[in-house]
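A.B. asks: Provided herewith: my_file_27.cif, mmCIF, C-alpha atoms.
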data_run
#
loop_
_atom_site.label_atom_id
_atom_site.label_comp_id
_atom_site.auth_asym_id
_atom_site.auth_seq_id
_atom_site.Cartn_x
_atom_site.Cartn_y
_atom_site.Cartn_z
CA MET T 9 -8.60 -84.26 9.68
CA ARG T 10 -10.38 -80.98 9.02
CA GLY T 11 -12.78 -79.32 11.42
CA ALA T 12 -14.17 -75.95 12.47
CA VAL T 13 -13.17 -74.93 15.99
CA LEU T 14 -14.63 -72.31 18.31
CA VAL T 15 -11.46 -71.09 20.03
CA GLN T 16 -13.27 -69.15 22.73
CA VAL T 17 -16.87 -68.24 23.44
CA GLY T 18 -17.64 -64.84 21.96
CA ASP T 19 -15.63 -65.35 18.78
CA GLU T 20 -17.55 -64.39 15.65
CA THR T 21 -15.69 -66.81 13.40
CA LEU T 22 -14.51 -70.40 13.59
CA ASP T 23 -10.95 -71.60 13.09
CA VAL T 24 -10.89 -74.16 10.26
CA ARG T 25 -8.02 -76.56 11.01
CA ASP T 26 -6.63 -79.67 9.38
CA ASP T 27 -4.73 -81.14 12.35
CA ILE T 28 -7.63 -82.49 14.42
CA ASP T 29 -7.55 -86.05 15.75
CA VAL T 30 -10.43 -88.15 17.06
CA PRO T 31 -9.84 -91.21 19.27
CA ALA T 32 -10.78 -94.73 18.35
CA PRO T 33 -14.28 -95.68 19.51
CA ALA T 34 -14.48 -97.05 23.03
CA PRO T 35 -16.87 -99.88 23.94
CA GLY T 36 -20.40 -98.84 23.07
CA GLU T 37 -19.23 -96.17 20.62
CA VAL T 38 -18.91 -95.81 16.85
CA ARG T 39 -16.86 -93.58 14.59
CA VAL T 40 -18.77 -91.83 11.82
CA ASP T 41 -17.31 -90.23 8.70
CA VAL T 42 -19.39 -87.06 8.47
CA ALA T 43 -20.76 -86.32 5.01
CA ALA T 44 -22.88 -83.27 5.78
CA SER T 45 -23.77 -81.02 8.68
CA GLY T 46 -26.51 -78.44 8.93
CA VAL T 47 -25.58 -74.98 10.15
CA CYS T 48 -28.16 -74.30 12.85
CA HIS T 49 -28.91 -71.21 14.91
CA SER T 50 -27.93 -73.22 17.97
CA ASP T 51 -24.36 -73.24 16.63
CA LEU T 52 -24.47 -69.46 16.61
CA SER T 53 -25.88 -69.48 20.15
CA ALA T 54 -22.97 -71.65 21.28
CA MET T 55 -20.56 -69.16 19.71
CA ASN T 56 -22.04 -66.07 21.34
CA GLY T 57 -22.64 -67.64 24.74
CA ARG T 58 -26.44 -67.85 24.74
CA PHE T 59 -26.01 -71.60 25.18
CA PRO T 60 -23.44 -72.99 27.62
CA GLN T 61 -20.50 -74.39 25.66
CA PRO T 62 -17.00 -75.20 26.95
CA ALA T 63 -14.23 -74.11 24.62
CA PRO T 64 -12.20 -74.73 22.59
CA ALA T 65 -14.70 -76.93 20.81
CA VAL T 66 -15.62 -78.37 17.45
CA LEU T 67 -19.13 -77.09 16.80
CA GLY T 68 -21.92 -78.75 14.81
CA HIS T 69 -24.68 -81.01 16.10
CA GLU T 70 -26.93 -81.68 13.09
CA GLY T 71 -25.26 -84.21 10.81
CA ALA T 72 -25.23 -87.49 8.94
CA GLY T 73 -22.56 -89.80 7.64
CA VAL T 74 -21.24 -93.34 7.33
CA VAL T 75 -20.03 -95.61 10.14
CA SER T 76 -16.31 -96.28 9.68
CA ALA T 77 -15.43 -98.09 12.91
CA VAL T 78 -17.39 -99.90 15.61
CA GLY T 79 -16.30 -100.34 19.20
CA ASP T 80 -16.87 -103.40 21.33
CA ASP T 81 -20.32 -104.18 22.72
CA VAL T 82 -22.20 -102.45 19.88
CA ASP T 83 -25.21 -104.20 18.39
CA GLY T 84 -27.21 -103.14 15.34
CA LEU T 85 -24.54 -101.06 13.63
CA ALA T 86 -21.74 -102.07 11.29
CA GLU T 87 -19.09 -100.39 9.18
CA GLY T 88 -20.65 -98.89 6.08
CA ASP T 89 -24.03 -98.15 7.67
CA HIS T 90 -25.50 -94.74 6.86
CA VAL T 91 -26.62 -92.91 9.99
CA ILE T 92 -28.14 -89.69 11.28
CA LEU T 93 -26.43 -88.24 14.34
CA ALA T 94 -28.68 -87.51 17.33
CA TRP T 95 -27.36 -84.90 19.72
CA MET T 96 -29.78 -86.03 22.46
CA ALA T 97 -29.21 -89.79 22.47
CA PRO T 98 -31.38 -91.93 24.75
CA CYS T 99 -29.68 -94.36 27.13
CA GLY T 100 -32.70 -96.68 27.20
CA ASP T 101 -32.52 -97.32 30.94
CA CYS T 102 -33.30 -94.10 32.85
CA ARG T 103 -36.71 -92.96 34.12
CA TRP T 104 -37.14 -90.67 31.10
CA CYS T 105 -36.43 -93.38 28.55
CA LEU T 106 -38.53 -95.97 30.34
CA GLY T 107 -41.29 -93.42 30.86
CA GLY T 108 -41.68 -92.59 27.17
CA GLN T 109 -39.73 -89.30 27.18
CA PRO T 110 -36.33 -90.30 25.74
CA ASN T 111 -35.74 -86.76 24.48
CA LEU T 112 -35.25 -85.72 28.11
CA CYS T 113 -32.50 -88.26 28.76
CA ILE T 114 -29.18 -86.51 29.40
CA THR T 115 -27.15 -89.58 30.33
CA HIS T 116 -24.96 -89.54 27.23
CA LEU T 117 -25.23 -85.80 26.60
CA GLY T 118 -23.98 -85.00 30.09
CA THR T 119 -20.95 -87.24 29.65
CA SER T 120 -20.00 -86.53 26.05
CA ALA T 121 -20.59 -82.77 26.04
CA GLY T 122 -18.52 -82.26 29.18
CA THR T 123 -15.57 -84.40 28.09
CA PRO T 124 -13.07 -83.49 25.35
CA ARG T 125 -13.79 -85.56 22.24
CA PHE T 126 -11.05 -84.31 19.92
CA ARG T 127 -7.44 -83.20 20.06
CA ALA T 128 -5.45 -80.72 17.98
CA GLY T 129 -1.74 -80.84 18.74
CA ASP T 130 -1.48 -80.56 22.52
CA THR T 131 -4.95 -79.04 22.92
CA ASP T 132 -8.07 -80.96 23.95
CA LEU T 133 -11.23 -79.98 22.12
CA TYR T 134 -14.81 -80.41 23.27
CA ALA T 135 -17.63 -81.38 20.93
CA MET T 136 -20.82 -79.35 20.78
CA ALA T 137 -23.65 -81.41 22.33
CA GLY T 138 -21.22 -84.32 22.39
CA VAL T 139 -21.33 -84.52 18.57
CA GLY T 140 -19.09 -81.87 16.97
CA CYS T 141 -20.00 -82.68 13.39
CA PHE T 142 -18.21 -79.67 11.91
CA ALA T 143 -15.41 -82.24 11.61
CA GLU T 144 -14.74 -84.95 9.06
CA GLN T 145 -15.09 -87.69 11.69
CA VAL T 146 -16.83 -87.96 15.05
CA VAL T 147 -16.98 -90.63 17.73
CA VAL T 148 -20.35 -90.93 19.45
CA HIS T 149 -22.26 -93.41 21.55
CA ALA T 150 -23.92 -96.00 19.36
CA ASN T 151 -27.36 -94.80 20.48
CA ALA T 152 -26.54 -91.42 18.92
CA ALA T 153 -26.16 -92.96 15.45
CA VAL T 154 -29.55 -93.88 13.97
CA ARG T 155 -29.23 -96.17 10.96
CA ILE T 156 -31.04 -95.20 7.74
CA GLU T 157 -31.32 -96.66 4.26
CA ASP T 158 -28.37 -96.04 1.97
CA ASP T 159 -30.45 -94.31 -0.71
CA VAL T 160 -31.36 -91.34 1.51
CA PRO T 161 -29.12 -88.40 0.50
CA LEU T 162 -26.93 -87.61 3.47
CA GLU T 163 -27.32 -83.85 2.96
CA VAL T 164 -31.07 -84.36 3.37
CA ALA T 165 -30.66 -86.76 6.27
CA ALA T 166 -28.47 -84.30 8.17
CA LEU T 167 -31.38 -81.89 8.59
CA ILE T 168 -33.40 -84.56 10.38
CA GLY T 169 -30.68 -84.65 13.03
CA CYS T 170 -32.00 -81.47 14.62
CA GLY T 171 -34.09 -78.83 12.86
CA VAL T 172 -36.66 -80.98 11.09
CA THR T 173 -37.18 -83.24 14.10
CA THR T 174 -37.45 -80.26 16.44
CA GLY T 175 -40.03 -78.42 14.33
CA ALA T 176 -42.09 -81.35 13.10
CA GLY T 177 -41.97 -83.07 16.47
CA ALA T 178 -43.41 -79.97 18.15
CA VAL T 179 -46.49 -80.42 15.97
CA PHE T 180 -46.75 -84.22 16.01
CA ASN T 181 -45.57 -85.05 19.54
CA ALA T 182 -45.95 -81.98 21.74
CA ALA T 183 -49.03 -80.22 20.35
CA LYS T 184 -50.59 -83.32 18.76
CA VAL T 185 -52.32 -81.12 16.19
CA GLU T 186 -55.56 -82.65 14.94
CA PRO T 187 -57.23 -82.30 11.52
CA GLY T 188 -59.06 -79.02 11.04
CA ALA T 189 -57.06 -77.12 13.65
CA ALA T 190 -55.89 -73.51 13.32
CA VAL T 191 -52.12 -73.33 13.73
CA ALA T 192 -49.69 -70.41 13.78
CA VAL T 193 -45.90 -70.72 13.60
CA VAL T 194 -43.68 -67.91 14.89
CA GLY T 195 -40.26 -67.86 13.22
CA LEU T 196 -39.50 -69.25 9.78
CA GLY T 197 -36.04 -70.73 10.06
CA GLY T 198 -35.49 -74.42 9.43
CA VAL T 199 -37.36 -75.36 12.63
CA GLY T 200 -40.37 -73.14 11.95
CA LEU T 201 -40.69 -74.23 8.32
CA SER T 202 -40.55 -77.86 9.44
CA ALA T 203 -43.41 -77.10 11.84
CA VAL T 204 -45.36 -75.55 8.96
CA GLN T 205 -44.94 -78.72 6.93
CA ALA T 206 -45.90 -80.93 9.86
CA ALA T 207 -49.07 -78.89 10.40
CA ARG T 208 -49.96 -79.48 6.76
CA ILE T 209 -49.29 -83.22 7.13
CA ALA T 210 -51.49 -83.20 10.26
CA ASP T 211 -54.26 -81.71 8.06
CA ALA T 212 -54.59 -78.42 9.91
CA LYS T 213 -57.15 -76.21 8.20
CA THR T 214 -55.37 -72.90 8.83
CA ILE T 215 -51.58 -72.54 8.98
CA VAL T 216 -50.26 -69.01 9.52
CA ALA T 217 -46.52 -68.47 9.11
CA ILE T 218 -45.12 -65.44 10.97
CA ASP T 219 -41.75 -63.79 10.40
CA PRO T 220 -40.58 -60.16 10.08
CA LEU T 221 -38.55 -61.12 6.99
CA ILE T 222 -40.98 -61.04 4.09
CA THR T 223 -38.42 -62.86 1.96
CA LYS T 224 -39.22 -66.04 3.88
CA HIS T 225 -42.98 -65.85 3.37
CA GLY T 226 -43.01 -67.26 -0.14
CA LEU T 227 -41.19 -70.43 0.86
CA ALA T 228 -43.53 -70.88 3.84
CA VAL T 229 -46.53 -70.82 1.52
CA GLU T 230 -44.83 -73.24 -0.86
CA LEU T 231 -44.29 -75.64 2.03
CA GLY T 232 -47.88 -75.53 3.24
CA ALA T 233 -48.77 -72.29 5.01
CA THR T 234 -52.19 -70.93 4.11
CA HIS T 235 -51.11 -67.41 5.09
CA ALA T 236 -47.81 -65.64 5.80
CA VAL T 237 -47.54 -62.33 7.65
CA THR T 238 -45.22 -60.13 9.63
CA PRO T 239 -45.76 -59.89 13.40
CA ASP T 240 -47.26 -56.41 12.95
CA ASP T 241 -49.91 -57.75 10.59
CA LEU T 242 -50.84 -60.77 12.71
CA PRO T 243 -53.58 -59.17 14.86
CA GLU T 244 -55.58 -58.10 11.81
CA LEU T 245 -55.23 -61.52 10.18
CA SER T 246 -56.12 -63.30 13.44
CA ALA T 247 -59.28 -61.20 13.72
CA GLU T 248 -60.18 -62.16 10.15
CA LEU T 249 -59.47 -65.88 10.53
CA THR T 250 -60.49 -66.58 14.12
CA GLY T 251 -62.85 -63.74 14.96
CA GLY T 252 -60.23 -62.53 17.40
CA ASP T 253 -60.34 -65.72 19.46
CA GLY T 254 -56.81 -66.77 18.53
CA PHE T 255 -55.30 -69.98 17.20
CA ASP T 256 -55.70 -73.49 18.57
CA TYR T 257 -51.94 -74.04 18.53
CA VAL T 258 -49.08 -71.56 18.27
CA ILE T 259 -45.59 -72.96 17.71
CA GLU T 260 -42.87 -70.55 18.90
CA ALA T 261 -39.60 -71.29 17.09
CA VAL T 262 -37.47 -68.27 18.04
CA GLY T 263 -36.74 -68.48 21.76
CA ARG T 264 -36.97 -64.81 22.72
CA PRO T 265 -39.12 -63.47 25.59
CA ALA T 266 -41.02 -61.12 23.25
CA THR T 267 -41.87 -63.84 20.74
CA ILE T 268 -42.86 -66.33 23.43
CA ARG T 269 -45.20 -63.76 24.94
CA ALA T 270 -46.57 -62.90 21.49
CA ALA T 271 -47.18 -66.59 20.77
CA TYR T 272 -49.09 -66.93 24.04
CA ASP T 273 -51.17 -63.85 23.22
CA ALA T 274 -51.99 -65.28 19.78
CA THR T 275 -53.28 -68.54 21.29
CA ARG T 276 -57.00 -68.90 21.92
CA ARG T 277 -58.41 -69.54 25.39
CA GLY T 278 -57.96 -73.22 26.11
CA GLY T 279 -55.41 -73.57 23.30
CA ALA T 280 -51.74 -74.49 23.48
CA THR T 281 -48.55 -72.48 23.05
CA VAL T 282 -45.63 -74.77 22.23
CA VAL T 283 -42.24 -73.22 23.01
CA VAL T 284 -39.60 -74.75 20.76
CA GLY T 285 -37.10 -71.89 20.47
CA MET T 286 -34.28 -72.25 22.99
CA GLY T 287 -33.61 -69.01 24.81
CA ALA T 288 -30.83 -68.12 27.20
CA TYR T 289 -31.18 -69.20 30.82
CA THR T 290 -31.16 -65.51 31.79
CA ASP T 291 -34.21 -64.71 29.62
CA GLU T 292 -37.50 -64.34 31.47
CA VAL T 293 -41.08 -64.20 30.19
CA VAL T 294 -43.73 -62.39 32.23
CA PHE T 295 -47.24 -63.72 32.81
CA ASN T 296 -49.65 -62.60 35.48
CA ALA T 297 -51.16 -65.10 37.88
CA PHE T 298 -54.75 -64.22 36.94
CA GLU T 299 -54.41 -64.88 33.22
CA LEU T 300 -52.67 -68.22 33.67
CA ALA T 301 -55.76 -69.65 35.33
CA PHE T 302 -58.48 -67.60 33.66
CA VAL T 303 -57.61 -68.22 30.01
CA GLU T 304 -56.55 -71.85 30.62
CA LYS T 305 -53.93 -71.80 27.89
CA ARG T 306 -51.39 -74.59 28.02
CA ILE T 307 -47.72 -73.64 27.76
CA ILE T 308 -45.82 -76.67 26.49
CA GLY T 309 -42.06 -76.84 26.31
CA SER T 310 -40.76 -79.06 23.53
CA LEU T 311 -37.13 -80.21 23.59
CA TYR T 312 -35.88 -81.84 20.38
CA GLY T 313 -39.44 -82.12 19.13
CA SER T 314 -40.38 -84.28 22.15
CA ALA T 315 -39.08 -87.05 19.90
CA ASP T 316 -37.91 -90.61 20.20
CA VAL T 317 -35.14 -90.43 17.61
CA HIS T 318 -35.15 -94.16 16.89
CA ARG T 319 -38.86 -93.96 16.12
CA ASP T 320 -39.18 -90.49 14.64
CA PHE T 321 -36.14 -90.29 12.35
CA PRO T 322 -37.45 -93.23 10.25
CA LEU T 323 -40.98 -91.78 10.36
CA LEU T 324 -39.78 -88.44 8.99
CA ILE T 325 -37.93 -90.26 6.23
CA GLU T 326 -41.19 -92.04 5.38
CA HIS T 327 -42.90 -88.66 5.04
CA TRP T 328 -40.03 -87.49 2.81
CA ARG T 329 -40.25 -90.59 0.60
CA ALA T 330 -44.00 -90.09 0.21
CA GLY T 331 -43.49 -86.49 -0.90
CA ARG T 332 -45.23 -85.07 2.14
CA LEU T 333 -42.08 -83.56 3.65
CA ASP T 334 -39.87 -81.37 1.48
CA LEU T 335 -36.37 -81.49 2.92
CA GLU T 336 -34.46 -80.40 -0.17
CA GLY T 337 -36.52 -77.18 -0.17
CA LEU T 338 -35.15 -76.28 3.26
CA ILE T 339 -31.55 -76.16 2.06
CA SER T 340 -30.74 -72.55 1.23
CA ARG T 341 -27.09 -73.07 0.47
CA ARG T 342 -24.44 -75.81 0.31
CA VAL T 343 -20.91 -74.83 1.29
CA PRO T 344 -17.61 -76.68 1.80
CA ILE T 345 -16.15 -76.67 5.29
CA GLU T 346 -13.59 -74.06 4.22
CA ARG T 347 -16.42 -71.55 3.74
CA ILE T 348 -18.21 -72.24 7.00
CA ASN T 349 -17.65 -68.69 8.24
CA ASP T 350 -19.61 -67.40 5.24
CA ALA T 351 -22.42 -69.69 6.36
CA VAL T 352 -22.21 -68.46 9.95
CA GLY T 353 -22.32 -64.85 8.79
CA ALA T 354 -25.36 -65.45 6.61
CA LEU T 355 -27.08 -67.20 9.50
CA ALA T 356 -26.36 -64.34 11.88
CA ALA T 357 -27.78 -61.89 9.35
CA GLY T 358 -30.97 -63.93 9.01
CA GLU T 359 -30.42 -64.30 5.28
CA VAL T 360 -30.91 -68.05 5.03
CA VAL T 361 -33.20 -70.84 6.20
CA ARG T 362 -30.80 -73.77 6.48
CA GLN T 363 -27.34 -74.30 5.12
CA VAL T 364 -25.45 -77.56 4.79
CA VAL T 365 -21.70 -77.86 5.18
CA THR T 366 -20.19 -80.71 3.18
CA PHE T 367 -16.84 -82.47 3.27
CA GLU T 368 -15.31 -83.12 -0.14
#
Go ahead and express the file in the form of structure tokens.
C.D. replies:
Amino acid sequence: MRGAVLVQVGDETLDVRDDIDVPAPAPGEVRVDVAASGVCHSDLSAMNGRFPQPAPAVLGHEGAGVVSAVGDDVDGLAEGDHVILAWMAPCGDCRWCLGGQPNLCITHLGTSAGTPRFRAGDTDLYAMAGVGCFAEQVVVHANAAVRIEDDVPLEVAALIGCGVTTGAGAVFNAAKVEPGAAVAVVGLGGVGLSAVQAARIADAKTIVAIDPLITKHGLAVELGATHAVTPDDLPELSAELTGGDGFDYVIEAVGRPATIRAAYDATRRGGATVVVGMGAYTDEVVFNAFELAFVEKRIIGSLYGSADVHRDFPLLIEHWRAGRLDLEGLISRRVPIERINDAVGALAAGEVVRQVVTFE
């Protein structure tokens, strides 16, 4: 089958091959025919080494498709089911799952991401985040395949697999934004724009979208932002809207030390800064000991939108069905797998919000 392979970390392009094999599903696993996969900034981070990724590997972690084979000991899934792939699949039995934080469960991630999941000729290939959905088929644990209704377009469903859940979940689950709140979102990629929409759904009174690329501001306003500014213009707007106090909630969707610090500075005393952007483990953010106590701002990390995928994927689809969540509007470009390097280049240049790779 076809797939896009990162030959070695540091490569700027992927090797699109047609000789990739995937094993039959083992007990507890399913095989999924991938229909669509979002191209996410995390894929770029895996390529350039900001995220740890063994290579060679099939990249892609945000996808949807149709179950084509079911291993033994799998309940609740059958051939023909439409599913969204979850790169952080809960096991259901660990302290995190039983304690209401299934997004922190690494039981399946630790096993599947560190074990080759594909083969090309004599070469074993890893799968990014244990998924590797830049391939026509994947084999994943059954818990990583969340069944959805057949009428949901799979290109739309793919985005829920990562970006939409990460951004919206930061608002719904981590920040728990309440009606009337003042919210700011730093970074207007697919994650940030999903956070903007979630803030609107949560009935925030003020939603400020922040990005240095003015070309993204119009879409942010269309999706629910009350204001859109560059980082340089934020202090003046904050003074106008909050009297200089800052925002109740600031969602940081970039993952750079400078933007995390800026998000914290834009948060009011007693407010919450939610860090969604995933930085490198070598990145450090500086705070002084006095301010951490004196301003009483909460710094909240949010992994995968602090979500329970089996609860939140269907909930996000409900919002989409009701017209509250615009997923089609997030798709900047659709490309076949053969043009995935064009998509990667556009992503690296910051030219797009979210692209979807399809298999035809």
A.B. asks: Neighbouring residues of Asp291 (chain T) were defined as those with any atom within 8 Å, considering only C-alpha atoms; residues of the same chain fewer than 3 positions away were excluded. Please report them as a list of chain:residue names.
C.D. replies: T:Arg264, T:Pro265, T:Gly287, T:Ala288
A.B. asks: Kindly indicate which residue among T:Val364, T:Ala72, T:Leu14, T:Ala233 lies nearest to Ala135 (chain T), using all atoms listed in the file for the distances.
C.D. replies: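 Closest candidate: T:Leu14.
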A.B. asks: Would you mind reading off the distance between CA of Gly251 (chain T) and CA of Gly285 (chain T), one decimal, in Å?
C.D. replies: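 For CA of Gly251 (chain T) relative to CA of Gly285 (chain T), the distance reads 27.6 Å.
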A.B. asks: Would you kindly return, as a ChimeraX atom specification, each protein, DNA or RNA residue with an atom no farther than 8 Å from any atom of Ala176 (chain T), considering all atoms listed in the file and excluding same-chain residues fewer than 2 positions away?
C.D. replies: /T:172-174,178-180,199,202-207,313
A.B. asks: Quick check on the file I pasted: which residues fall under the PyMOL selection byres ((chain T and resi 218) around 10)? Write them as an MDAnalysis selection string.
C.D. replies: chainID T and resid 192:196 200 215:217 219:222 224:225 228 233 235:242 260
A.B. asks: What's around Gln61 (chain T) at 10 Å? Count all atoms listed in the file, leave out sequence neighbours fewer than 5 positions away in its own chain, and write the answer as a PyMOL selection string.
C.D. replies: chain T and resi 14+16-17+51+53-56+67+121-122+134-137
A.B. asks: Skipping near chain neighbours, those fewer than 2 positions away, what residues fall within 12 Å of Thr281 (chain T) using all atoms listed in the file, listed as a ChimeraX atom specification?
C.D. replies: /T:178-179,182-185,191-194,254-261,267-279,283-285,304-310
A.B. asks: Of the candidates T:Ser76, T:Thr290, T:Thr214, T:Ser45, which shows the shortest atom-to-atom distance to Ile168 (chain T), using all atoms listed in the file?
C.D. replies: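 The shortest atom-to-atom distance to Ile168 (chain T) comes from T:Ser45.
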A.B. asks: Report the residues retrieved by the PyMOL selection byres ((chain T and resi 126) around 8) from the displayed file, expressed as a PyMOL selection string.
C.D. replies: chain T and resi 28-31+66+124-125+127-128+132-135
A.B. asks: As an exercise, work out the distance from CA of Val361 (chain T) to CA of Val294 (chain T) in Å and give it to one decimal place.
C.D. replies: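 Answer for the CA of Val361 (chain T) to CA of Val294 (chain T) separation: 29.3 Å.
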A.B. asks: I'd like the contact shell of Leu22 (chain T) - 8 Å cut-off, only C-alpha atoms, skipping same-chain residues fewer than 2 positions apart - returned as a ChimeraX atom specification.
C.D. replies: /T:12-15,19-20,24,348-349
A.B. asks: So, with all atoms listed in the file as the atoms that count, which of T:Pro110, T:Gly129, T:Gly177, T:Gly358 lies closest to Thr223 (chain T)?
C.D. replies: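 That would be T:Gly358, the residue with the smallest distance to Thr223 (chain T).
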A.B. asks: Name the closest residue to Val91 (chain T) among the candidates T:Ala165, T:Leu52, T:Val47, T:Val343; distances are taken between atoms, counting all atoms listed in the file.
C.D. replies: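 Between T:Ala165, T:Leu52, T:Val47, T:Val343, the residue approaching Val91 (chain T) most closely is T:Ala165.
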A.B. asks: Counting all atoms listed in the file, give me one row per residue of region 250-334 of chain T with an atom at most 8 Å from an atom of region 97-109 of chain T, showing the shortest contact pair and its distance in Å to one decimal, sorted by chain then residue number, as a tab-separated table.
C.D. replies:
residue	atom	partner	partner_atom	distance
T:Ser314	CA	T:Gln109	CA	7.1
T:Ala315	CA	T:Gln109	CA	7.6
T:Asp316	CA	T:Gln109	CA	7.3
T:Val317	CA	T:Ala97	CA	7.7
A.B. asks: In Å, rounded to a single decimal, give me how far CA of Pro64 (chain T) is from CA of Gly138 (chain T).
C.D. replies: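 So the two atoms, CA of Gly138 (chain T) and CA of Pro64 (chain T), lie 13.2 Å apart.
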A.B. asks: Can I get a file of region 346-359 of chain T from the given structure, N, CA and C atoms kept, as a PDB file, in the first residue's frame?
C.D. replies:
ATOM      1  N   GLU T 346       0.112  11.750  -2.810  1.00  0.00           N
ATOM      2  CA  GLU T 346       1.284  12.006  -3.639  1.00  0.00           C
ATOM      3  C   GLU T 346       1.786  13.441  -3.521  1.00  0.00           C
ATOM      4  N   ARG T 347       0.945  14.343  -3.048  1.00  0.00           N
ATOM      5  CA  ARG T 347       1.347  15.742  -2.914  1.00  0.00           C
ATOM      6  C   ARG T 347       1.556  16.150  -1.451  1.00  0.00           C
ATOM      7  N   ILE T 348       1.825  15.182  -0.619  1.00  0.00           N
ATOM      8  CA  ILE T 348       1.932  15.484   0.812  1.00  0.00           C
ATOM      9  C   ILE T 348       3.095  16.422   1.103  1.00  0.00           C
ATOM     10  N   ASN T 349       4.155  16.368   0.319  1.00  0.00           N
ATOM     11  CA  ASN T 349       5.275  17.273   0.576  1.00  0.00           C
ATOM     12  C   ASN T 349       4.918  18.724   0.278  1.00  0.00           C
ATOM     13  N   ASP T 350       3.993  18.950  -0.659  1.00  0.00           N
ATOM     14  CA  ASP T 350       3.481  20.307  -0.852  1.00  0.00           C
ATOM     15  C   ASP T 350       2.769  20.780   0.408  1.00  0.00           C
ATOM     16  N   ALA T 351       2.009  19.857   1.008  1.00  0.00           N
ATOM     17  CA  ALA T 351       1.280  20.200   2.232  1.00  0.00           C
ATOM     18  C   ALA T 351       2.241  20.495   3.377  1.00  0.00           C
ATOM     19  N   VAL T 352       3.277  19.694   3.502  1.00  0.00           N
ATOM     20  CA  VAL T 352       4.271  19.904   4.559  1.00  0.00           C
ATOM     21  C   VAL T 352       4.968  21.250   4.371  1.00  0.00           C
ATOM     22  N   GLY T 353       5.302  21.578   3.135  1.00  0.00           N
ATOM     23  CA  GLY T 353       5.958  22.854   2.871  1.00  0.00           C
ATOM     24  C   GLY T 353       5.085  24.042   3.205  1.00  0.00           C
ATOM     25  N   ALA T 354       3.798  23.938   2.850  1.00  0.00           N
ATOM     26  CA  ALA T 354       2.864  25.019   3.165  1.00  0.00           C
ATOM     27  C   ALA T 354       2.687  25.170   4.668  1.00  0.00           C
ATOM     28  N   LEU T 355       2.675  24.036   5.373  1.00  0.00           N
ATOM     29  CA  LEU T 355       2.556  24.075   6.828  1.00  0.00           C
ATOM     30  C   LEU T 355       3.773  24.742   7.448  1.00  0.00           C
ATOM     31  N   ALA T 356       4.953  24.376   6.988  1.00  0.00           N
ATOM     32  CA  ALA T 356       6.182  24.951   7.530  1.00  0.00           C
ATOM     33  C   ALA T 356       6.259  26.450   7.282  1.00  0.00           C
ATOM     34  N   ALA T 357       5.669  26.898   6.177  1.00  0.00           N
ATOM     35  CA  ALA T 357       5.679  28.328   5.850  1.00  0.00           C
ATOM     36  C   ALA T 357       4.575  29.100   6.556  1.00  0.00           C
ATOM     37  N   GLY T 358       3.718  28.393   7.285  1.00  0.00           N
ATOM     38  CA  GLY T 358       2.625  29.050   7.998  1.00  0.00           C
ATOM     39  C   GLY T 358       1.539  29.563   7.087  1.00  0.00           C
ATOM     40  N   GLU T 359       1.415  28.972   5.897  1.00  0.00           N
ATOM     41  CA  GLU T 359       0.481  29.498   4.906  1.00  0.00           C
ATOM     42  C   GLU T 359      -0.935  28.953   5.062  1.00  0.00           C
TER      43      GLU T 359
END
